file coords.cif (mmCIF, C-alpha atoms)
data_model
loop_
_atom_site.group_PDB
_atom_site.id
_atom_site.type_symbol
_atom_site.label_atom_id
_atom_site.label_comp_id
_atom_site.auth_asym_id
_atom_site.auth_seq_id
_atom_site.Cartn_x
_atom_site.Cartn_y
_atom_site.Cartn_z
ATOM 1 C CA MET A 1291 12.369 25.067 -2.684
ATOM 2 C CA LYS A 1292 13.129 23.595 -6.089
ATOM 3 C CA ASN A 1293 15.952 21.550 -4.603
ATOM 4 C CA ALA A 1294 13.449 19.733 -2.412
ATOM 5 C CA ARG A 1295 11.674 18.426 -5.495
ATOM 6 C CA PRO A 1296 13.914 16.163 -7.600
ATOM 7 C CA THR A 1297 12.767 15.720 -11.155
ATOM 8 C CA GLU A 1298 12.557 11.911 -10.952
ATOM 9 C CA VAL A 1299 9.308 10.634 -9.460
ATOM 10 C CA LYS A 1300 9.342 7.085 -8.114
ATOM 11 C CA ALA A 1301 6.433 4.858 -7.174
ATOM 12 C CA SER A 1302 5.386 4.735 -3.559
ATOM 13 C CA ALA A 1303 6.164 1.668 -1.453
ATOM 14 C CA LEU A 1304 2.540 1.933 -0.359
ATOM 15 C CA ASP A 1305 1.534 0.623 -3.777
ATOM 16 C CA GLN A 1306 3.348 -2.656 -3.045
ATOM 17 C CA ARG A 1307 2.815 -2.980 0.693
ATOM 18 C CA GLY A 1308 -0.925 -2.510 0.994
ATOM 19 C CA ASN A 1309 -2.027 -2.617 4.636
ATOM 20 C CA SER A 1310 1.396 -3.343 6.114
ATOM 21 C CA THR A 1311 3.470 -0.688 7.868
ATOM 22 C CA ALA A 1312 4.837 1.989 5.541
ATOM 23 C CA VAL A 1313 8.161 2.133 7.389
ATOM 24 C CA VAL A 1314 10.581 0.350 5.080
ATOM 25 C CA GLU A 1315 14.224 -0.683 5.385
ATOM 26 C CA CYS A 1316 16.807 -0.381 2.635
ATOM 27 C CA ASN A 1317 20.462 -1.271 3.244
ATOM 28 C CA GLY A 1318 19.999 -0.793 6.967
ATOM 29 C CA ILE A 1319 18.368 2.651 6.638
ATOM 30 C CA LEU A 1320 14.702 3.191 7.550
ATOM 31 C CA PHE A 1321 12.299 5.332 5.541
ATOM 32 C CA VAL A 1322 8.676 6.435 5.817
ATOM 33 C CA GLU A 1323 6.397 8.085 3.276
ATOM 34 C CA THR A 1324 4.329 11.211 3.804
ATOM 35 C CA PRO A 1325 0.967 9.559 2.928
ATOM 36 C CA HIS A 1326 1.534 7.229 5.865
ATOM 37 C CA LEU A 1327 2.327 10.171 8.134
ATOM 38 C CA SER A 1328 -0.917 11.773 7.000
ATOM 39 C CA ALA A 1329 -2.813 8.642 8.057
ATOM 40 C CA LEU A 1330 -0.964 8.294 11.372
ATOM 41 C CA PHE A 1331 -1.532 11.901 12.409
ATOM 42 C CA HIS A 1332 -4.982 12.296 10.809
ATOM 43 C CA ARG A 1333 -3.774 15.372 8.953
ATOM 44 C CA PRO A 1334 -4.383 16.382 5.306
ATOM 45 C CA HIS A 1335 -1.514 15.197 3.143
ATOM 46 C CA ARG A 1336 -1.036 18.649 1.648
ATOM 47 C CA ASN A 1337 -0.293 19.921 5.172
ATOM 48 C CA ILE A 1338 2.380 17.265 5.669
ATOM 49 C CA MET A 1339 3.961 18.191 2.336
ATOM 50 C CA ARG A 1340 3.946 21.866 3.310
ATOM 51 C CA ASP A 1341 5.591 21.069 6.660
ATOM 52 C CA VAL A 1342 8.372 19.127 4.912
ATOM 53 C CA GLU A 1343 9.035 21.972 2.498
ATOM 54 C CA ARG A 1344 9.017 24.521 5.322
ATOM 55 C CA LEU A 1345 11.672 22.525 7.197
ATOM 56 C CA VAL A 1346 13.724 22.196 4.014
ATOM 57 C CA ALA A 1347 13.522 25.961 3.484
ATOM 58 C CA GLY A 1348 14.622 26.540 7.072
ATOM 59 C CA GLY A 1349 17.568 24.155 6.737
ATOM 60 C CA ALA A 1350 16.358 21.642 9.357
ATOM 61 C CA ILE A 1351 16.085 19.025 6.604
ATOM 62 C CA ASP A 1352 18.689 18.828 3.865
ATOM 63 C CA ALA A 1353 17.069 19.703 0.521
ATOM 64 C CA LEU A 1354 18.718 16.669 -1.106
ATOM 65 C CA ASN A 1355 17.320 14.152 1.381
ATOM 66 C CA PRO A 1356 13.547 13.951 0.718
ATOM 67 C CA GLU A 1357 12.915 11.588 -2.187
ATOM 68 C CA ARG A 1358 10.087 12.636 -4.451
ATOM 69 C CA ILE A 1359 7.638 9.802 -5.122
ATOM 70 C CA SER A 1360 4.073 9.325 -6.354
ATOM 71 C CA TYR A 1361 1.099 7.436 -4.972
ATOM 72 C CA VAL A 1362 -2.544 6.839 -5.863
ATOM 73 C CA ASP A 1363 -4.994 8.508 -3.478
ATOM 74 C CA SER A 1364 -8.441 7.269 -2.430
ATOM 75 C CA MET A 1365 -9.959 8.952 -5.500
ATOM 76 C CA GLY A 1366 -7.648 7.064 -7.848
ATOM 77 C CA ARG A 1367 -5.568 10.146 -8.629
ATOM 78 C CA VAL A 1368 -1.773 10.119 -8.858
ATOM 79 C CA GLN A 1369 -0.355 12.501 -6.263
ATOM 80 C CA GLU A 1370 3.109 13.663 -5.293
ATOM 81 C CA ALA A 1371 4.631 12.683 -1.955
ATOM 82 C CA TYR A 1372 7.975 12.387 -0.184
ATOM 83 C CA ARG A 1373 9.918 9.441 1.164
ATOM 84 C CA LEU A 1374 11.755 10.572 4.289
ATOM 85 C CA SER A 1375 14.646 9.042 6.187
ATOM 86 C CA GLU A 1376 14.111 8.110 9.828
ATOM 87 C CA ARG A 1377 16.077 11.187 10.916
ATOM 88 C CA ASP A 1378 14.059 13.575 8.771
ATOM 89 C CA ALA A 1379 10.755 12.004 9.822
ATOM 90 C CA LEU A 1380 11.667 12.443 13.489
ATOM 91 C CA VAL A 1381 12.636 16.064 12.836
ATOM 92 C CA LEU A 1382 9.303 16.623 11.098
ATOM 93 C CA MET A 1383 7.216 14.807 13.718
ATOM 94 C CA PRO A 1384 6.838 17.617 16.331
ATOM 95 C CA PHE A 1385 5.791 20.104 13.643
ATOM 96 C CA ILE A 1386 2.869 18.083 12.276
ATOM 97 C CA GLY A 1387 0.496 19.005 15.093
ATOM 98 C CA GLY A 1388 -3.204 18.293 15.186
ATOM 99 C CA LYS A 1389 -5.450 16.682 17.807
ATOM 100 C CA ARG A 1390 -3.844 13.266 17.234
ATOM 101 C CA SER A 1391 -0.283 14.585 17.457
ATOM 102 C CA MET A 1392 0.760 12.678 20.588
ATOM 103 C CA ASP A 1393 -0.809 9.437 19.380
ATOM 104 C CA GLY A 1394 0.749 9.839 15.927
ATOM 105 C CA GLN A 1395 4.199 10.465 17.373
ATOM 106 C CA ALA A 1396 3.981 7.397 19.621
ATOM 107 C CA ARG A 1397 2.779 5.170 16.764
ATOM 108 C CA LEU A 1398 5.488 6.411 14.394
ATOM 109 C CA VAL A 1399 8.253 5.769 16.931
ATOM 110 C CA ASP A 1400 6.790 2.309 17.635
ATOM 111 C CA GLU A 1401 6.806 1.512 13.918
ATOM 112 C CA PHE A 1402 10.431 2.543 13.541
ATOM 113 C CA LEU A 1403 11.388 0.424 16.572
ATOM 114 C CA HIS A 1404 9.376 -2.541 15.261
ATOM 115 C CA VAL A 1405 10.927 -2.485 11.804
ATOM 116 C CA ARG A 1406 14.403 -1.987 13.248
ATOM 117 C CA GLU A 1407 13.900 -5.012 15.497
ATOM 118 C CA GLN A 1408 12.686 -7.033 12.513
ATOM 119 C CA PHE A 1409 15.798 -5.999 10.600
ATOM 120 C CA ARG A 1410 18.081 -7.033 13.470
ATOM 121 C CA ALA A 1411 16.310 -10.363 13.847
ATOM 122 C CA ALA A 1412 16.541 -11.026 10.109
ATOM 123 C CA LYS A 1413 20.235 -10.160 10.098
ATOM 124 C CA ALA A 1414 20.884 -12.589 12.956
ATOM 125 C CA MET A 1415 18.770 -15.268 11.272
ATOM 126 C CA HIS A 1416 20.676 -14.920 8.007
ATOM 127 C CA GLY A 1417 23.856 -15.857 9.864
ATOM 128 C CA ASP A 1418 22.358 -19.087 11.191
ATOM 129 C CA PRO A 1419 23.869 -22.171 9.438
ATOM 130 C CA ALA A 1420 20.418 -23.811 9.320
ATOM 131 C CA TRP A 1421 19.015 -20.785 7.492
ATOM 132 C CA ILE A 1422 21.947 -20.677 5.093
ATOM 133 C CA ASP A 1423 21.538 -24.388 4.293
ATOM 134 C CA ALA A 1424 17.790 -23.968 3.738
ATOM 135 C CA ARG A 1425 18.347 -20.971 1.474
ATOM 136 C CA GLN A 1426 20.971 -22.830 -0.557
ATOM 137 C CA ALA A 1427 18.816 -25.953 -0.870
ATOM 138 C CA GLY A 1428 15.895 -23.816 -1.961
ATOM 139 C CA LYS A 1429 17.890 -22.468 -4.891
ATOM 140 C CA THR A 1430 18.053 -25.973 -6.358
ATOM 141 C CA ASP A 1431 14.276 -26.397 -6.198
ATOM 142 C CA ARG A 1432 13.824 -22.945 -7.649
ATOM 143 C CA ARG A 1433 16.018 -23.882 -10.616
ATOM 144 C CA GLU A 1434 13.800 -26.924 -11.177
ATOM 145 C CA LEU A 1435 10.709 -24.704 -11.236
ATOM 146 C CA THR A 1436 12.436 -22.230 -13.550
ATOM 147 C CA ASP A 1437 13.361 -25.049 -15.939
ATOM 148 C CA ALA A 1438 9.826 -26.454 -15.878
ATOM 149 C CA MET A 1439 8.272 -23.050 -16.568
ATOM 150 C CA GLN A 1440 10.791 -22.449 -19.354
ATOM 151 C CA ALA A 1441 9.874 -25.773 -20.930
ATOM 152 C CA LEU A 1442 6.148 -25.015 -20.710
ATOM 153 C CA CYS A 1443 6.725 -21.572 -22.208
ATOM 154 C CA GLU A 1444 8.734 -22.983 -25.135
ATOM 155 C CA ARG A 1445 6.054 -25.627 -25.671
ATOM 156 C CA ALA A 1446 3.367 -22.940 -25.851
ATOM 157 C CA HIS A 1447 5.462 -20.843 -28.233
ATOM 158 C CA LEU A 1448 6.076 -23.795 -30.549
ATOM 159 C CA ARG A 1449 2.365 -24.516 -30.636
ATOM 160 C CA ARG A 1450 1.698 -20.815 -31.194
ATOM 161 C CA ASP A 1451 -0.583 -20.782 -28.167
ATOM 162 C CA SER A 1452 1.257 -17.917 -26.500
ATOM 163 C CA THR A 1453 3.847 -15.200 -27.079
ATOM 164 C CA THR A 1454 4.291 -14.263 -23.397
ATOM 165 C CA PRO A 1455 8.003 -14.061 -22.410
ATOM 166 C CA ALA A 1456 9.352 -16.744 -20.064
ATOM 167 C CA ASP A 1457 10.251 -14.266 -17.318
ATOM 168 C CA MET A 1458 6.602 -13.248 -17.005
ATOM 169 C CA TRP A 1459 5.623 -16.904 -16.638
ATOM 170 C CA MET A 1460 8.152 -17.298 -13.839
ATOM 171 C CA THR A 1461 7.027 -14.129 -12.095
ATOM 172 C CA SER A 1462 3.460 -15.428 -12.095
ATOM 173 C CA ALA A 1463 4.549 -18.816 -10.724
ATOM 174 C CA THR A 1464 6.628 -17.178 -7.994
ATOM 175 C CA ARG A 1465 3.711 -15.042 -6.863
ATOM 176 C CA CYS A 1466 1.360 -18.041 -6.985
ATOM 177 C CA VAL A 1467 3.574 -20.180 -4.724
ATOM 178 C CA THR A 1468 4.420 -17.384 -2.288
ATOM 179 C CA SER A 1469 0.832 -16.164 -1.917
ATOM 180 C CA ALA A 1470 -0.376 -19.737 -1.368
ATOM 181 C CA LEU A 1471 1.964 -20.167 1.599
ATOM 182 C CA PHE A 1472 2.224 -16.694 3.141
ATOM 183 C CA GLU A 1473 0.247 -13.572 3.948
ATOM 184 C CA ILE A 1474 1.686 -11.098 1.461
ATOM 185 C CA ASN A 1475 -0.539 -8.012 2.056
ATOM 186 C CA GLY A 1476 0.583 -6.504 -1.230
ATOM 187 C CA GLU A 1477 4.247 -6.614 -0.234
ATOM 188 C CA ARG A 1478 6.995 -7.297 -2.755
ATOM 189 C CA ILE A 1479 7.698 -11.019 -3.096
ATOM 190 C CA THR A 1480 11.467 -10.554 -2.786
ATOM 191 C CA ALA A 1481 11.020 -8.680 0.493
ATOM 192 C CA ILE A 1482 8.853 -11.482 1.870
ATOM 193 C CA ARG A 1483 11.310 -14.210 0.905
ATOM 194 C CA ASP A 1484 14.219 -12.354 2.478
ATOM 195 C CA ARG A 1485 12.748 -12.649 5.953
ATOM 196 C CA LEU A 1486 11.465 -16.233 5.875
ATOM 197 C CA THR A 1487 12.730 -18.553 8.598
ATOM 198 C CA ALA A 1488 14.686 -21.725 7.830
ATOM 199 C CA ARG A 1489 11.554 -23.833 8.243
ATOM 200 C CA GLN A 1490 9.547 -21.519 5.998
ATOM 201 C CA LEU A 1491 12.292 -21.657 3.367
ATOM 202 C CA ARG A 1492 12.144 -25.455 3.410
ATOM 203 C CA ARG A 1493 8.364 -25.365 3.052
ATOM 204 C CA LEU A 1494 8.678 -22.889 0.189
ATOM 205 C CA ALA A 1495 11.195 -25.146 -1.557
ATOM 206 C CA MET A 1496 8.858 -28.133 -1.239
ATOM 207 C CA ALA A 1497 5.981 -26.103 -2.684
ATOM 208 C CA GLU A 1498 8.116 -24.996 -5.635
ATOM 209 C CA GLU A 1499 9.142 -28.590 -6.290
ATOM 210 C CA CYS A 1500 5.485 -29.576 -6.101
ATOM 211 C CA TYR A 1501 4.703 -26.958 -8.768
ATOM 212 C CA ALA A 1502 7.596 -28.094 -10.981
ATOM 213 C CA ARG A 1503 6.720 -31.783 -10.805
ATOM 214 C CA ALA A 1504 3.055 -31.083 -11.516
ATOM 215 C CA LEU A 1505 4.111 -29.247 -14.682
ATOM 216 C CA ASP A 1506 6.488 -32.037 -15.700
ATOM 217 C CA SER A 1507 3.830 -34.715 -15.175
ATOM 218 C CA LEU A 1508 1.569 -33.145 -17.825
ATOM 219 C CA MET A 1509 4.149 -31.751 -20.233
ATOM 220 C CA ASP A 1510 3.919 -34.674 -22.685
ATOM 221 C CA THR A 1511 0.123 -34.674 -22.811
ATOM 222 C CA ASP A 1512 -2.100 -32.850 -25.283
ATOM 223 C CA ALA A 1513 -3.349 -30.469 -22.602
ATOM 224 C CA HIS A 1514 -3.260 -26.733 -23.291
ATOM 225 C CA HIS A 1515 -0.554 -24.836 -21.415
ATOM 226 C CA LYS A 1516 -3.165 -22.934 -19.411
ATOM 227 C CA ALA A 1517 -4.735 -26.175 -18.227
ATOM 228 C CA ILE A 1518 -1.322 -27.552 -17.236
ATOM 229 C CA ASN A 1519 -0.478 -24.424 -15.316
ATOM 230 C CA GLU A 1520 -3.851 -24.454 -13.555
ATOM 231 C CA GLN A 1521 -3.308 -28.041 -12.430
ATOM 232 C CA ALA A 1522 0.110 -27.077 -11.065
ATOM 233 C CA LYS A 1523 -1.467 -24.177 -9.158
ATOM 234 C CA HIS A 1524 -4.065 -26.521 -7.701
ATOM 235 C CA ALA A 1525 -1.271 -28.858 -6.596
ATOM 236 C CA VAL A 1526 0.479 -26.010 -4.782
ATOM 237 C CA GLN A 1527 -2.769 -24.857 -3.164
ATOM 238 C CA ALA A 1528 -3.464 -28.403 -1.969
ATOM 239 C CA PHE A 1529 0.071 -28.626 -0.598
ATOM 240 C CA ALA A 1530 -0.323 -25.278 1.176
ATOM 241 C CA ALA A 1531 -3.661 -26.236 2.710
ATOM 242 C CA ALA A 1532 -2.310 -29.596 3.841
ATOM 243 C CA THR A 1533 0.711 -28.043 5.545
ATOM 244 C CA GLY A 1534 -1.044 -25.330 7.527
ATOM 245 C CA GLY A 1535 -2.280 -22.784 4.998
ATOM 246 C CA ARG A 1536 -1.005 -19.215 4.890
ATOM 247 C CA GLU A 1537 1.360 -18.036 7.600
ATOM 248 C CA VAL A 1538 3.070 -14.786 8.541
ATOM 249 C CA PRO A 1539 6.516 -14.426 6.891
ATOM 250 C CA GLY A 1540 9.358 -14.576 9.410
ATOM 251 C CA VAL A 1541 7.184 -15.877 12.262
ATOM 252 C CA ASP A 1542 7.737 -19.536 13.040
ATOM 253 C CA ARG A 1543 4.997 -21.684 14.412
ATOM 254 C CA ALA A 1544 4.923 -25.245 15.726
ATOM 255 C CA ALA A 1545 5.837 -27.549 12.852
ATOM 256 C CA ARG A 1546 3.411 -30.282 13.851
ATOM 257 C CA ARG A 1547 2.527 -31.193 10.297
ATOM 258 C CA LEU A 1548 6.108 -31.285 9.086
ATOM 259 C CA SER A 1549 7.143 -33.492 12.015
ATOM 260 C CA ALA A 1550 4.131 -35.725 11.525
ATOM 261 C CA VAL A 1551 5.063 -36.551 7.957
ATOM 262 C CA ARG A 1552 8.647 -37.297 8.974
ATOM 263 C CA GLN A 1553 7.456 -39.672 11.691
ATOM 264 C CA SER A 1554 5.164 -41.406 9.213
ATOM 265 C CA GLY A 1555 8.143 -42.315 7.062
ATOM 266 C CA LEU A 1556 6.858 -40.271 4.123
ATOM 267 C CA ALA A 1557 9.211 -37.316 4.471
ATOM 268 C CA SER A 1558 10.724 -37.919 1.049
ATOM 269 C CA LEU A 1559 9.468 -35.574 -1.623
ATOM 270 C CA ASP A 1560 9.850 -38.474 -4.039
ATOM 271 C CA VAL A 1561 6.670 -39.780 -2.423
ATOM 272 C CA LEU A 1562 4.894 -36.655 -1.228
ATOM 273 C CA VAL A 1563 5.174 -34.193 -4.106
ATOM 274 C CA PRO A 1564 4.111 -36.535 -6.931
ATOM 275 C CA LEU A 1565 1.153 -37.612 -4.801
ATOM 276 C CA ALA A 1566 0.125 -33.997 -4.237
ATOM 277 C CA ALA A 1567 0.391 -33.106 -7.912
ATOM 278 C CA ALA A 1568 -1.167 -36.270 -9.281
ATOM 279 C CA SER A 1569 -3.961 -36.364 -6.731
ATOM 280 C CA VAL A 1570 -5.069 -32.842 -7.584
ATOM 281 C CA THR A 1571 -5.238 -33.782 -11.240
ATOM 282 C CA ALA A 1572 -7.487 -36.670 -10.262
ATOM 283 C CA GLY A 1573 -9.567 -34.442 -8.014
ATOM 284 C CA VAL A 1574 -8.776 -36.304 -4.799
ATOM 285 C CA GLY A 1575 -5.957 -34.161 -3.405
ATOM 286 C CA ALA A 1576 -7.268 -33.875 0.148
ATOM 287 C CA ALA A 1577 -7.841 -37.610 0.496
ATOM 288 C CA VAL A 1578 -4.361 -38.585 -0.656
ATOM 289 C CA LEU A 1579 -2.659 -35.877 1.401
ATOM 290 C CA ARG A 1580 -4.588 -37.091 4.436
ATOM 291 C CA LEU A 1581 -3.287 -40.602 3.849
ATOM 292 C CA THR A 1582 0.280 -39.343 3.657
ATOM 293 C CA GLY A 1583 -0.013 -37.705 7.075
ATOM 294 C CA TRP A 1584 -0.151 -34.057 6.002
ATOM 295 C CA LEU A 1585 -3.737 -33.663 7.179
#

call {"tool": "encode", "arguments": {"input": "coords.cif", "output": "structure tokens"}}
result
Amino acid sequence: MKNARPTEVKASALDQRGNSTAVVECNGILFVETPHLSALFHRPHRNIMRDVERLVAGGAIDALNPERISYVDSMGRVQEAYRLSERDALVLMPFIGGKRSMDGQARLVDEFLHVREQFRAAKAMHGDPAWIDARQAGKTDRRELTDAMQALCERAHLRRDSTTPADMWMTSATRCVTSALFEINGERITAIRDRLTARQLRRLAMAEECYARALDSLMDTDAHHKAINEQAKHAVQAFAAATGGREVPGVDRAARRLSAVRQSGLASLDVLVPLAAASVTAGVGAAVLRLTGWL
């Protein structure tokens, strides 16, 4: 039994994914965690753990396969758990039992099929030239945001207003922009960005440029770095609200607002983004964005 319990304990994906499905994909392989199985089958987690270890002892599951992880239970306590491959979870499934066994089995299989379909769709999307172009173009806007955050960080350090490292500033900005545009449900930001559609990537790039230009517009003022950053966040939130609010990552919807601004002749970010940033600073973001055709 000791072989089934590796010494390294990793954090549970549940800690990052919140209410989303606990079936995760990594390099084309699907995994599920035992706390999620406990919820699906309405069985005590300790019973699920015991079932895994019984199957390992019997040789049905290779002792090296289950990955030992940790998670925080409803009482706030750190508990041990396992991350199982799709194969091992399906082997375990008939042995879990309980009154909700049939329902739990059906829901688990549906989750595996759903995530696998998402993975296939994402793989096909990543081969689309339009997606590749949008991803490449987005890297340029991301560099602009990185440079702007770096400049603001150095400015704060020189003024001795902050000692926070630049990478933490950028992480905060990335989460701010992504959460303004998309439903994140506690999921890792990198995982969300990997499955965005070409249109969503373009919208993300515009939001990041909006953030960067808002920072640049106030960099030479006497404003404190926190005030500058807050104004940039407001600019992004105004942009997000004006272009449809939060949406589900990877699910395209009718781009009425994007097409409307193109038809109005104001598609250039040289016009739109400075207006969004500057108007928020002046407190009239919604009015200006409405005039530009985004509302």

call {"tool": "resolve_selection", "arguments": {"input": "coords.cif", "expression": "the PyMOL selection byres ((chain A and resi 1484-1490) around 10)", "output": "count of residues only"}}
result
37

call {"tool": "atom_distance", "arguments": {"input": "coords.cif", "atom1": "CA of Ala1329 (chain A)", "atom2": "CA of Arg1373 (chain A)"}}
result
14.5 Å

call {"tool": "axis_aligned_box", "arguments": {"input": "coords.cif", "around": "region 1329-1335 of chain A", "padding_each_side": "5 Å", "output": "lines of an AutoDock Vina configuration file"}}
result
center_x = -3.0
center_y = 12.3
center_z = 7.8
size_x = 14.0
size_y = 18.1
size_z = 19.3

call {"tool": "residues_around", "arguments": {"input": "coords.cif", "residues": "region 1442-1451 of chain A", "least_positions_apart": "5", "cutoff": "9 Å", "atoms": "only C-alpha atoms", "output": "list of chain:residue names"}}
result
A:Asp1437, A:Ala1456, A:Trp1459, A:Leu1505, A:Asp1506, A:Met1509, A:His1514, A:His1515, A:Ile1518, A:Asn1519

call {"tool": "residues_around", "arguments": {"input": "coords.cif", "residues": "His1404 (chain A)", "least_positions_apart": "5", "cutoff": "10 Å", "atoms": "only C-alpha atoms", "output": "PyMOL selection string"}}
result
chain A and resi 1311+1313+1398-1399+1409-1410

call {"tool": "write_last_selection", "arguments": {"input": "coords.cif", "atoms": "C-alpha atoms", "output": "PDB file, in the frame of the given file"}}
result
ATOM      1  CA  THR A1311       3.470  -0.688   7.868  1.00  0.00           C
ATOM      2  CA  VAL A1313       8.161   2.133   7.389  1.00  0.00           C
ATOM      3  CA  LEU A1398       5.488   6.411  14.394  1.00  0.00           C
ATOM      4  CA  VAL A1399       8.253   5.769  16.931  1.00  0.00           C
ATOM      5  CA  PHE A1409      15.798  -5.999  10.600  1.00  0.00           C
ATOM      6  CA  ARG A1410      18.081  -7.033  13.470  1.00  0.00           C
TER       7      ARG A1410
END

call {"tool": "resolve_selection", "arguments": {"input": "coords.cif", "expression": "the PyMOL selection byres ((chain A and resi 1320) around 9)", "output": "list in words"}}
result
Val1313, Val1314, Glu1315, Cys1316, Asn1317, Gly1318, Ile1319, Phe1321, Val1322, Leu1374, Ser1375, Glu1376, Arg1377, Phe1402, Val1405 and Arg1406 of chain A

call {"tool": "write_last_selection", "arguments": {"input": "coords.cif", "atoms": "C-alpha atoms", "output": "short mmCIF file (atom, residue, chain, number, x, y, z; two decimals), in the frame of the given file"}}
result
data_model
loop_
_atom_site.label_atom_id
_atom_site.label_comp_id
_atom_site.auth_asym_id
_atom_site.auth_seq_id
_atom_site.Cartn_x
_atom_site.Cartn_y
_atom_site.Cartn_z
CA VAL A 1313 8.16 2.13 7.39
CA VAL A 1314 10.58 0.35 5.08
CA GLU A 1315 14.22 -0.68 5.38
CA CYS A 1316 16.81 -0.38 2.64
CA ASN A 1317 20.46 -1.27 3.24
CA GLY A 1318 20.00 -0.79 6.97
CA ILE A 1319 18.37 2.65 6.64
CA PHE A 1321 12.30 5.33 5.54
CA VAL A 1322 8.68 6.44 5.82
CA LEU A 1374 11.76 10.57 4.29
CA SER A 1375 14.65 9.04 6.19
CA GLU A 1376 14.11 8.11 9.83
CA ARG A 1377 16.08 11.19 10.92
CA PHE A 1402 10.43 2.54 13.54
CA VAL A 1405 10.93 -2.48 11.80
CA ARG A 1406 14.40 -1.99 13.25
#

call {"tool": "residues_around", "arguments": {"input": "coords.cif", "residues": "region 1460-1465 of chain A", "least_positions_apart": "2", "cutoff": "12 Å", "atoms": "only C-alpha atoms", "output": "MDAnalysis selection string"}}
result
chainID A and resid 1432:1443 1454:1458 1467:1474 1476:1480 1482:1483 1494:1495 1497:1502 1505 1519:1520 1522:1524 1526

call {"tool": "atom_distance", "arguments": {"input": "coords.cif", "atom1": "CA of Gln1369 (chain A)", "atom2": "CA of Val1346 (chain A)"}}
result
19.9 Å

call {"tool": "closest_residue", "arguments": {"input": "coords.cif", "among": "A:Asp1512, A:Asn1475, A:Asp1393, A:Asp1378", "to": "Arg1536 (chain A)", "atoms": "all atoms listed in the file"}}
result
A:Asn1475

call {"tool": "atom_distance", "arguments": {"input": "coords.cif", "atom1": "CA of Pro1325 (chain A)", "atom2": "CA of Lys1389 (chain A)"}}
result
17.7 Å

call {"tool": "residues_around", "arguments": {"input": "coords.cif", "residues": "Leu1327 (chain A)", "least_positions_apart": "5", "cutoff": "12 Å", "atoms": "all atoms listed in the file", "output": "mmCIF file with C-alpha atoms, in the frame of the given file"}}
result
data_model
loop_
_atom_site.group_PDB
_atom_site.id
_atom_site.type_symbol
_atom_site.label_atom_id
_atom_site.label_comp_id
_atom_site.auth_asym_id
_atom_site.auth_seq_id
_atom_site.Cartn_x
_atom_site.Cartn_y
_atom_site.Cartn_z
ATOM 1 C CA LEU A 1304 2.540 1.933 -0.359
ATOM 2 C CA THR A 1311 3.470 -0.688 7.868
ATOM 3 C CA ALA A 1312 4.837 1.989 5.541
ATOM 4 C CA VAL A 1313 8.161 2.133 7.389
ATOM 5 C CA PHE A 1321 12.299 5.332 5.541
ATOM 6 C CA VAL A 1322 8.676 6.435 5.817
ATOM 7 C CA HIS A 1332 -4.982 12.296 10.809
ATOM 8 C CA ARG A 1333 -3.774 15.372 8.953
ATOM 9 C CA PRO A 1334 -4.383 16.382 5.306
ATOM 10 C CA HIS A 1335 -1.514 15.197 3.143
ATOM 11 C CA ARG A 1336 -1.036 18.649 1.648
ATOM 12 C CA ASN A 1337 -0.293 19.921 5.172
ATOM 13 C CA ILE A 1338 2.380 17.265 5.669
ATOM 14 C CA MET A 1339 3.961 18.191 2.336
ATOM 15 C CA ASP A 1341 5.591 21.069 6.660
ATOM 16 C CA VAL A 1342 8.372 19.127 4.912
ATOM 17 C CA ALA A 1371 4.631 12.683 -1.955
ATOM 18 C CA TYR A 1372 7.975 12.387 -0.184
ATOM 19 C CA ARG A 1373 9.918 9.441 1.164
ATOM 20 C CA LEU A 1374 11.755 10.572 4.289
ATOM 21 C CA ALA A 1379 10.755 12.004 9.822
ATOM 22 C CA LEU A 1380 11.667 12.443 13.489
ATOM 23 C CA LEU A 1382 9.303 16.623 11.098
ATOM 24 C CA MET A 1383 7.216 14.807 13.718
ATOM 25 C CA PRO A 1384 6.838 17.617 16.331
ATOM 26 C CA PHE A 1385 5.791 20.104 13.643
ATOM 27 C CA ILE A 1386 2.869 18.083 12.276
ATOM 28 C CA GLY A 1387 0.496 19.005 15.093
ATOM 29 C CA ARG A 1390 -3.844 13.266 17.234
ATOM 30 C CA SER A 1391 -0.283 14.585 17.457
ATOM 31 C CA ASP A 1393 -0.809 9.437 19.380
ATOM 32 C CA GLY A 1394 0.749 9.839 15.927
ATOM 33 C CA GLN A 1395 4.199 10.465 17.373
ATOM 34 C CA ALA A 1396 3.981 7.397 19.621
ATOM 35 C CA ARG A 1397 2.779 5.170 16.764
ATOM 36 C CA LEU A 1398 5.488 6.411 14.394
ATOM 37 C CA VAL A 1399 8.253 5.769 16.931
ATOM 38 C CA GLU A 1401 6.806 1.512 13.918
#

call {"tool": "closest_residue", "arguments": {"input": "coords.cif", "among": "A:Asp1400, A:His1326, A:Asp1510, A:Lys1516", "to": "Ser1452 (chain A)", "atoms": "all atoms listed in the file"}}
result
A:Lys1516

call {"tool": "closest_residue", "arguments": {"input": "coords.cif", "among": "A:Lys1429, A:Glu1407, A:Glu1370, A:Ala1517", "to": "Glu1357 (chain A)", "atoms": "only C-alpha atoms"}}
result
A:Glu1370
